[in-house]
$ cat query-v4.pdb   # PDB, C-alpha atoms (C1' of nucleotides)
MODEL        1
ATOM      1  CA  MET H 324       0.000   0.000   0.000
ATOM      2  CA  PRO H 325       2.724   2.577   0.738
ATOM      3  CA  ARG H 326       4.049   1.873  -2.772
ATOM      4  CA  GLN H 327       0.612   2.101  -4.373
ATOM      5  CA  LEU H 328       0.112   5.572  -2.924
ATOM      6  CA  LEU H 329       3.303   6.879  -4.534
ATOM      7  CA  GLY H 330       2.525   8.973  -7.597
ATOM      8  CA  LYS H 331      -1.099   9.562  -6.644
ATOM      9  CA  TYR H 332      -2.398  13.037  -5.883
ATOM     10  CA  LEU H 333      -3.104  14.328  -2.450
ATOM     11  CA  CYS H 334      -5.870  16.894  -2.954
ATOM     12  CA  ARG H 335      -7.079  19.616  -0.668
ATOM     13  CA  ARG H 336      -9.830  22.176  -1.086
ATOM     14  CA  ILE H 337      -9.264  25.451   0.706
ATOM     15  CA  SER H 338     -11.689  28.345   0.316
ATOM     16  CA  GLY H 339     -13.172  26.807  -2.808
ATOM     17  CA  ARG H 340      -9.799  26.292  -4.451
ATOM     18  CA  THR H 341      -8.153  22.940  -5.045
ATOM     19  CA  ILE H 342      -4.499  22.063  -4.625
ATOM     20  CA  ARG H 343      -3.123  18.822  -6.037
ATOM     21  CA  ALA H 344       0.192  17.487  -4.832
ATOM     22  CA  GLN H 345       1.802  14.297  -6.049
ATOM     23  CA  ILE H 346       2.808  11.897  -3.294
ATOM     24  CA  THR H 347       6.551  11.262  -3.495
ATOM     25  CA  GLU H 348       7.419   9.719  -0.146
ATOM     26  CA  THR H 349       5.581   7.359   2.215
ATOM     27  CA  GLU H 350       6.192   5.180   5.247
ATOM     28  CA  ALA H 351       4.270   2.151   6.501
ATOM     29  CA  TYR H 352       3.269   1.615  10.129
ATOM     30  CA  CYS H 353       2.023  -1.857  10.742
ATOM     31  CA  GLY H 354      -0.126  -2.982  13.606
ATOM     32  CA  THR H 355       0.203  -3.534  17.325
ATOM     33  CA  LYS H 356       3.535  -5.386  17.146
ATOM     34  CA  ASP H 357       5.405  -2.668  15.245
ATOM     35  CA  LEU H 358       6.913  -0.622  18.084
ATOM     36  CA  ALA H 359       7.282   2.384  15.779
ATOM     37  CA  CYS H 360       3.522   2.391  15.166
ATOM     38  CA  HIS H 361       1.297   4.340  17.531
ATOM     39  CA  ALA H 362      -1.079   1.385  17.533
ATOM     40  CA  SER H 363       1.522  -0.613  19.466
ATOM     41  CA  LYS H 364       0.152   1.244  22.525
ATOM     42  CA  GLY H 365      -3.191  -0.385  21.889
ATOM     43  CA  LEU H 366      -6.609   1.068  21.219
ATOM     44  CA  THR H 367      -6.665   4.531  22.800
ATOM     45  CA  PRO H 368      -8.600   7.708  21.982
ATOM     46  CA  ARG H 369      -5.597   8.781  19.932
ATOM     47  CA  THR H 370      -5.205   5.599  17.900
ATOM     48  CA  LYS H 371      -8.848   4.614  17.443
ATOM     49  CA  ILE H 372      -8.939   5.944  13.871
ATOM     50  CA  MET H 373      -6.189   3.504  12.925
ATOM     51  CA  PHE H 374      -8.218   0.650  14.359
ATOM     52  CA  GLY H 375     -11.203   1.757  12.261
ATOM     53  CA  PRO H 376     -12.060   1.152   8.608
ATOM     54  CA  PRO H 377      -9.564   1.849   5.802
ATOM     55  CA  GLY H 378      -9.443   5.006   3.728
ATOM     56  CA  HIS H 379      -9.758   7.345   6.677
ATOM     57  CA  ALA H 380      -7.286  10.057   7.661
ATOM     58  CA  TYR H 381      -5.281   9.497  10.833
ATOM     59  CA  ILE H 382      -3.876  12.897  11.764
ATOM     60  CA  TYR H 383      -1.969  13.576  14.952
ATOM     61  CA  MET H 384       0.049  16.385  16.454
ATOM     62  CA  ILE H 385       3.780  15.861  16.870
ATOM     63  CA  TYR H 386       6.357  17.837  18.850
ATOM     64  CA  GLY H 387       3.655  20.242  19.928
ATOM     65  CA  MET H 388       3.730  22.142  16.651
ATOM     66  CA  TYR H 389       3.292  19.955  13.594
ATOM     67  CA  TYR H 390       0.704  17.569  12.256
ATOM     68  CA  CYS H 391       1.317  14.345  10.376
ATOM     69  CA  PHE H 392      -1.139  12.912   7.863
ATOM     70  CA  ASN H 393      -1.671   9.178   7.432
ATOM     71  CA  VAL H 394      -4.138   7.042   5.534
ATOM     72  CA  VAL H 395      -5.532   3.966   7.262
ATOM     73  CA  THR H 396      -4.852   1.059   4.948
ATOM     74  CA  ARG H 397      -6.434  -2.041   6.433
ATOM     75  CA  GLU H 398      -9.771  -3.307   7.585
ATOM     76  CA  GLU H 399     -11.342  -2.494  10.895
ATOM     77  CA  GLY H 400      -9.479  -3.979  13.842
ATOM     78  CA  CYS H 401      -6.201  -4.193  11.915
ATOM     79  CA  PRO H 402      -4.376  -0.946  12.737
ATOM     80  CA  GLU H 403      -2.094  -0.137   9.840
ATOM     81  CA  ALA H 404      -1.502   3.224   8.193
ATOM     82  CA  VAL H 405       0.723   4.959   5.691
ATOM     83  CA  LEU H 406       2.352   8.255   6.629
ATOM     84  CA  ILE H 407       2.572  10.726   3.756
ATOM     85  CA  ARG H 408       6.082  12.134   4.177
ATOM     86  CA  GLY H 409       6.513  14.151   1.016
ATOM     87  CA  THR H 410       4.675  15.640  -1.948
ATOM     88  CA  LYS H 411       5.334  17.760  -5.005
ATOM     89  CA  VAL H 412       2.860  20.342  -6.172
ATOM     90  CA  VAL H 413       1.083  19.611  -9.452
ATOM     91  CA  SER H 414      -1.718  22.105  -9.802
ATOM     92  CA  ASP H 415      -2.247  24.919  -7.455
ATOM     93  CA  GLN H 416      -4.520  27.901  -7.379
ATOM     94  CA  TRP H 417      -3.661  29.053  -3.954
ATOM     95  CA  SER H 418      -0.236  28.681  -2.432
ATOM     96  CA  MET H 419       1.646  29.813  -5.533
ATOM     97  CA  THR H 420       0.897  33.203  -4.097
ATOM     98  CA  GLY H 421       3.372  32.383  -1.361
ATOM     99  CA  LYS H 422       1.089  33.789   1.256
ATOM    100  CA  ASN H 423       0.896  30.919   3.653
ATOM    101  CA  LYS H 424       1.307  32.416   7.086
ATOM    102  CA  TYR H 425       3.481  30.766   9.633
ATOM    103  CA  SER H 426       5.494  31.891  12.565
ATOM    104  CA  LEU H 427       7.824  29.715  14.557
ATOM    105  CA  SER H 428       9.235  32.659  16.413
ATOM    106  CA  SER H 429       8.792  36.394  16.394
ATOM    107  CA  LYS H 430      12.005  36.817  14.400
ATOM    108  CA  LYS H 431      10.551  35.118  11.329
ATOM    109  CA  PRO H 432       8.301  36.697   8.729
ATOM    110  CA  ALA H 433       4.559  36.133   8.959
ATOM    111  CA  ILE H 434       4.589  35.186   5.287
ATOM    112  CA  ASP H 435       6.575  32.294   3.885
ATOM    113  CA  TYR H 436       8.122  33.282   0.556
ATOM    114  CA  ARG H 437      10.156  30.130   0.045
ATOM    115  CA  PRO H 438       9.455  28.031  -3.070
ATOM    116  CA  LEU H 439       6.775  25.367  -2.803
ATOM    117  CA  SER H 440       9.305  22.625  -3.480
ATOM    118  CA  THR H 441      10.783  23.257  -0.063
ATOM    119  CA  ARG H 442       7.433  23.576   1.674
ATOM    120  CA  LEU H 443       5.901  20.227   0.769
ATOM    121  CA  ASN H 444       8.872  17.897   1.231
ATOM    122  CA  GLY H 445       8.241  16.792   4.797
ATOM    123  CA  PRO H 446       5.339  15.339   6.783
ATOM    124  CA  GLY H 447       4.986  18.366   9.057
ATOM    125  CA  LYS H 448       5.609  20.860   6.297
ATOM    126  CA  LEU H 449       3.012  19.471   3.905
ATOM    127  CA  CYS H 450       0.378  19.555   6.618
ATOM    128  CA  ARG H 451       1.219  23.151   7.392
ATOM    129  CA  GLU H 452       1.111  24.127   3.716
ATOM    130  CA  LEU H 453      -2.108  22.261   2.937
ATOM    131  CA  LYS H 454      -3.760  23.296   6.191
ATOM    132  CA  ILE H 455      -4.241  19.751   7.365
ATOM    133  CA  ASP H 456      -4.888  19.546  11.100
ATOM    134  CA  LYS H 457      -6.784  17.575  13.735
ATOM    135  CA  LYS H 458     -10.132  18.835  12.421
ATOM    136  CA  LEU H 459      -9.659  16.601   9.385
ATOM    137  CA  SER H 460      -8.753  13.520  11.390
ATOM    138  CA  GLY H 461     -11.126  10.704  10.588
ATOM    139  CA  VAL H 462     -12.362  11.995   7.236
ATOM    140  CA  ASP H 463     -12.870   9.420   4.507
ATOM    141  CA  VAL H 464     -10.320  10.320   1.836
ATOM    142  CA  CYS H 465     -12.372   8.453  -0.774
ATOM    143  CA  LYS H 466     -15.477  10.581  -0.161
ATOM    144  CA  SER H 467     -14.357  13.874   1.333
ATOM    145  CA  ARG H 468     -14.509  17.049  -0.718
ATOM    146  CA  GLU H 469     -12.040  18.727   1.655
ATOM    147  CA  LEU H 470      -9.188  16.210   1.601
ATOM    148  CA  TRP H 471      -8.940  13.300  -0.806
ATOM    149  CA  ILE H 472      -6.643  11.190  -2.954
ATOM    150  CA  GLU H 473      -6.887  10.821  -6.733
ATOM    151  CA  ASP H 474      -5.284   8.293  -9.041
ATOM    152  CA  SER H 475      -2.738   9.622 -11.480
ATOM    153  CA  GLN H 476      -2.423   8.571 -15.106
ATOM    154  CA  GLU H 477       1.240   7.773 -14.898
ATOM    155  CA  GLU H 478       2.356   4.259 -14.231
ATOM    156  CA  ILE H 479       4.856   3.926 -11.384
ATOM    157  CA  LYS H 480       7.359   1.138 -11.998
ATOM    158  CA  SER H 481       8.995  -0.634  -9.106
ATOM    159  CA  SER H 482      12.375   0.400 -10.519
ATOM    160  CA  GLN H 483      11.435   4.030  -9.798
ATOM    161  CA  ILE H 484      10.883   3.357  -6.098
ATOM    162  CA  LYS H 485      13.683   3.622  -3.549
ATOM    163  CA  LYS H 486      13.367   2.013  -0.142
ATOM    164  CA  GLY H 487      14.955   2.851   3.173
ATOM    165  CA  LYS H 488      14.630   2.753   6.908
ATOM    166  CA  ARG H 489      11.906   4.814   8.501
ATOM    167  CA  ILE H 490      12.873   8.197   9.913
ATOM    168  CA  GLY H 491      12.851   9.112  13.596
ATOM    169  CA  VAL H 492      12.031   5.711  15.056
ATOM    170  CA  ASP H 493      15.338   4.746  16.686
ATOM    171  CA  TYR H 494      13.452   3.832  19.845
ATOM    172  CA  ALA H 495      11.581   1.002  18.112
ATOM    173  CA  GLY H 496      14.063  -1.842  18.658
ATOM    174  CA  LYS H 497      14.351  -4.231  15.717
ATOM    175  CA  TRP H 498      11.416  -2.491  14.038
ATOM    176  CA  LYS H 499      13.563   0.559  13.346
ATOM    177  CA  ASN H 500      15.474  -1.365  10.698
ATOM    178  CA  LYS H 501      12.456  -2.310   8.591
ATOM    179  CA  LEU H 502      12.744  -0.915   5.067
ATOM    180  CA  TRP H 503       9.291   0.587   5.129
ATOM    181  CA  ARG H 504      10.093   4.027   3.748
ATOM    182  CA  PHE H 505       9.444   4.492   0.046
ATOM    183  CA  LEU H 506      10.464   7.350  -2.257
ATOM    184  CA  LEU H 507       9.884   8.109  -5.900
TER
ATOM    185  C1'  DT V 857      -1.555  15.696  39.424
ATOM    186  C1'  DA V 858       3.237  15.509  37.487
ATOM    187  C1'  DT V 859       6.526  14.411  34.211
ATOM    188  C1'  DA V 860       8.932  12.785  30.037
ATOM    189  C1'  DC V 861       9.041  12.660  25.286
ATOM    190  C1'  DG V 862       7.805  12.379  20.289
ATOM    191  C1'  DA V 863       6.425   9.198  12.766
ATOM    192  C1'  DT V 864       9.471  17.504  12.956
ATOM    193  C1'  DC V 865      11.486  21.644  11.434
ATOM    194  C1'  DA V 866      14.427  25.691  11.148
ATOM    195  C1'  DC V 867      18.346  27.682  12.576
ATOM    196  C1'  DC V 868      22.875  27.498  14.555
ATOM    197  C1'  DT V 869      27.976  26.004  14.768
TER
ATOM    198  C1'  DG U 461      26.859  17.902  13.793
ATOM    199  C1'  DG U 462      23.377  20.034  17.733
ATOM    200  C1'  DT U 463      19.392  22.535  19.867
ATOM    201  C1'  DG U 464      14.919  24.936  20.995
ATOM    202  C1'  DA U 465      10.104  25.512  20.081
ATOM    203  C1'  DT U 466       5.690  23.670  22.162
ATOM    204  C1'  DC U 467       1.721  20.501  23.611
ATOM    205  C1'  DG U 468      -0.983  16.079  23.437
ATOM    206  C1'  DT U 469      -0.435  11.598  25.055
ATOM    207  C1'  DA U 470       1.140   7.900  27.877
ATOM    208  C1'  DT U 471       2.943   6.561  32.031
ATOM    209  C1'  DA U 472       4.353   6.976  36.589
ATOM    210  C1'  DC U 473       3.178   8.450  41.169
TER
ENDMDL
END
$ encode --input "query-v4.pdb" --output "structure tokens"
Amino acid sequence: MPRQLLGKYLCRRISGRTIRAQITETEAYCGTKDLACHASKGLTPRTKIMFGPPGHAYIYMIYGMYYCFNVVTREEGCPEAVLIRGTKVVSDQWSMTGKNKYSLSSKKPAIDYRPLSTRLNGPGKLCRELKIDKKLSGVDVCKSRELWIEDSQEEIKSSQIKKGKRIGVDYAGKWKNKLWRFLL
DNA sequence: TATACGATCACCT
DNA sequence: GGTGATCGTATAC
């Protein structure tokens, strides 16, 4: 599933405008045994979306300031999800203006003028840019008109996909070495 | 109730 | 290479 999502479009409607961003990087988090997966803590208020039906958005806050967006990939009771780690903009009627406000500290500008390529290439960054937050947690990405995923025309060959270890999960024992990160 | 820390990022040396 | 920002969640008391 993490490989099947590569190349597809992550779509977001903001104020009546639609942004499409091609998914270029994903990671898989697999069930209650995978110590890197939040579901390894069991069914809690936080993880209940992952234990629910597939196709729903599991969105959580990390480090007190960023959100991460995942898609639940397996049937109810089987808590697996794919984290969307990176995207590339395809069509955009909104953030090309470069007027996405952010402020990490008072020193920084209220408007982010950096190119989009550097604003969508990370799980926290793409959520900030696409205004994905906890309010969208649980939405069905097959049905939602706010946040959804579309197939792309292009065929992704397995030779185009690089694999690697997942990022930021050094605490997860042997699970940290699983090659469950995938990049186009 | 209190505390430790994280599926990150930007900035610093 | 390292660190601070900042808060929800899990875990310990």
$ resolve_selection --input "query-v4.pdb" --expression "the PyMOL selection byres ((chain V) within 7 of (chain H))" --output "count of residues only"
3
$ interface_residues --input "query-v4.pdb" --of "chain U" --to "chain H" --cutoff "8 Å" --atoms "all atoms listed in the file" --output "PyMOL selection string"
chain U and resi 465-469
$ resolve_selection --input "query-v4.pdb" --expression "the PyMOL selection byres ((chain H and resi 475) around 12)" --output "tab-separated table (two decimals) with C-alpha atoms, in the frame of the given file"
chain	number	residue	atom	x	y	z
H	327	GLN	CA	0.61	2.10	-4.37
H	328	LEU	CA	0.11	5.57	-2.92
H	329	LEU	CA	3.30	6.88	-4.53
H	330	GLY	CA	2.52	8.97	-7.60
H	331	LYS	CA	-1.10	9.56	-6.64
H	332	TYR	CA	-2.40	13.04	-5.88
H	333	LEU	CA	-3.10	14.33	-2.45
H	334	CYS	CA	-5.87	16.89	-2.95
H	343	ARG	CA	-3.12	18.82	-6.04
H	344	ALA	CA	0.19	17.49	-4.83
H	345	GLN	CA	1.80	14.30	-6.05
H	346	ILE	CA	2.81	11.90	-3.29
H	413	VAL	CA	1.08	19.61	-9.45
H	472	ILE	CA	-6.64	11.19	-2.95
H	473	GLU	CA	-6.89	10.82	-6.73
H	474	ASP	CA	-5.28	8.29	-9.04
H	476	GLN	CA	-2.42	8.57	-15.11
H	477	GLU	CA	1.24	7.77	-14.90
H	478	GLU	CA	2.36	4.26	-14.23
H	479	ILE	CA	4.86	3.93	-11.38
$ atom_distance --input "query-v4.pdb" --atom1 "C1' of DA472 in chain U" --atom2 "C1' of DA860 in chain V"
9.9 Å
$ atom_distance --input "query-v4.pdb" --atom1 "CA of Glu403 in chain H" --atom2 "CA of Met373 in chain H"
6.3 Å
$ atom_distance --input "query-v4.pdb" --atom1 "CA of Cys401 in chain H" --atom2 "CA of Trp498 in chain H"
17.8 Å
$ closest_residue --input "query-v4.pdb" --among "H:Asp463, H:Leu506, H:Gln483, H:Pro377" --to "Asn444 in chain H" --atoms "all atoms listed in the file"
H:Leu506
$ resolve_selection --input "query-v4.pdb" --expression "the PyMOL selection byres ((chain V and resi 869) around 9)" --output "list in words"
DC868 of chain V; DG461 and DG462 of chain U
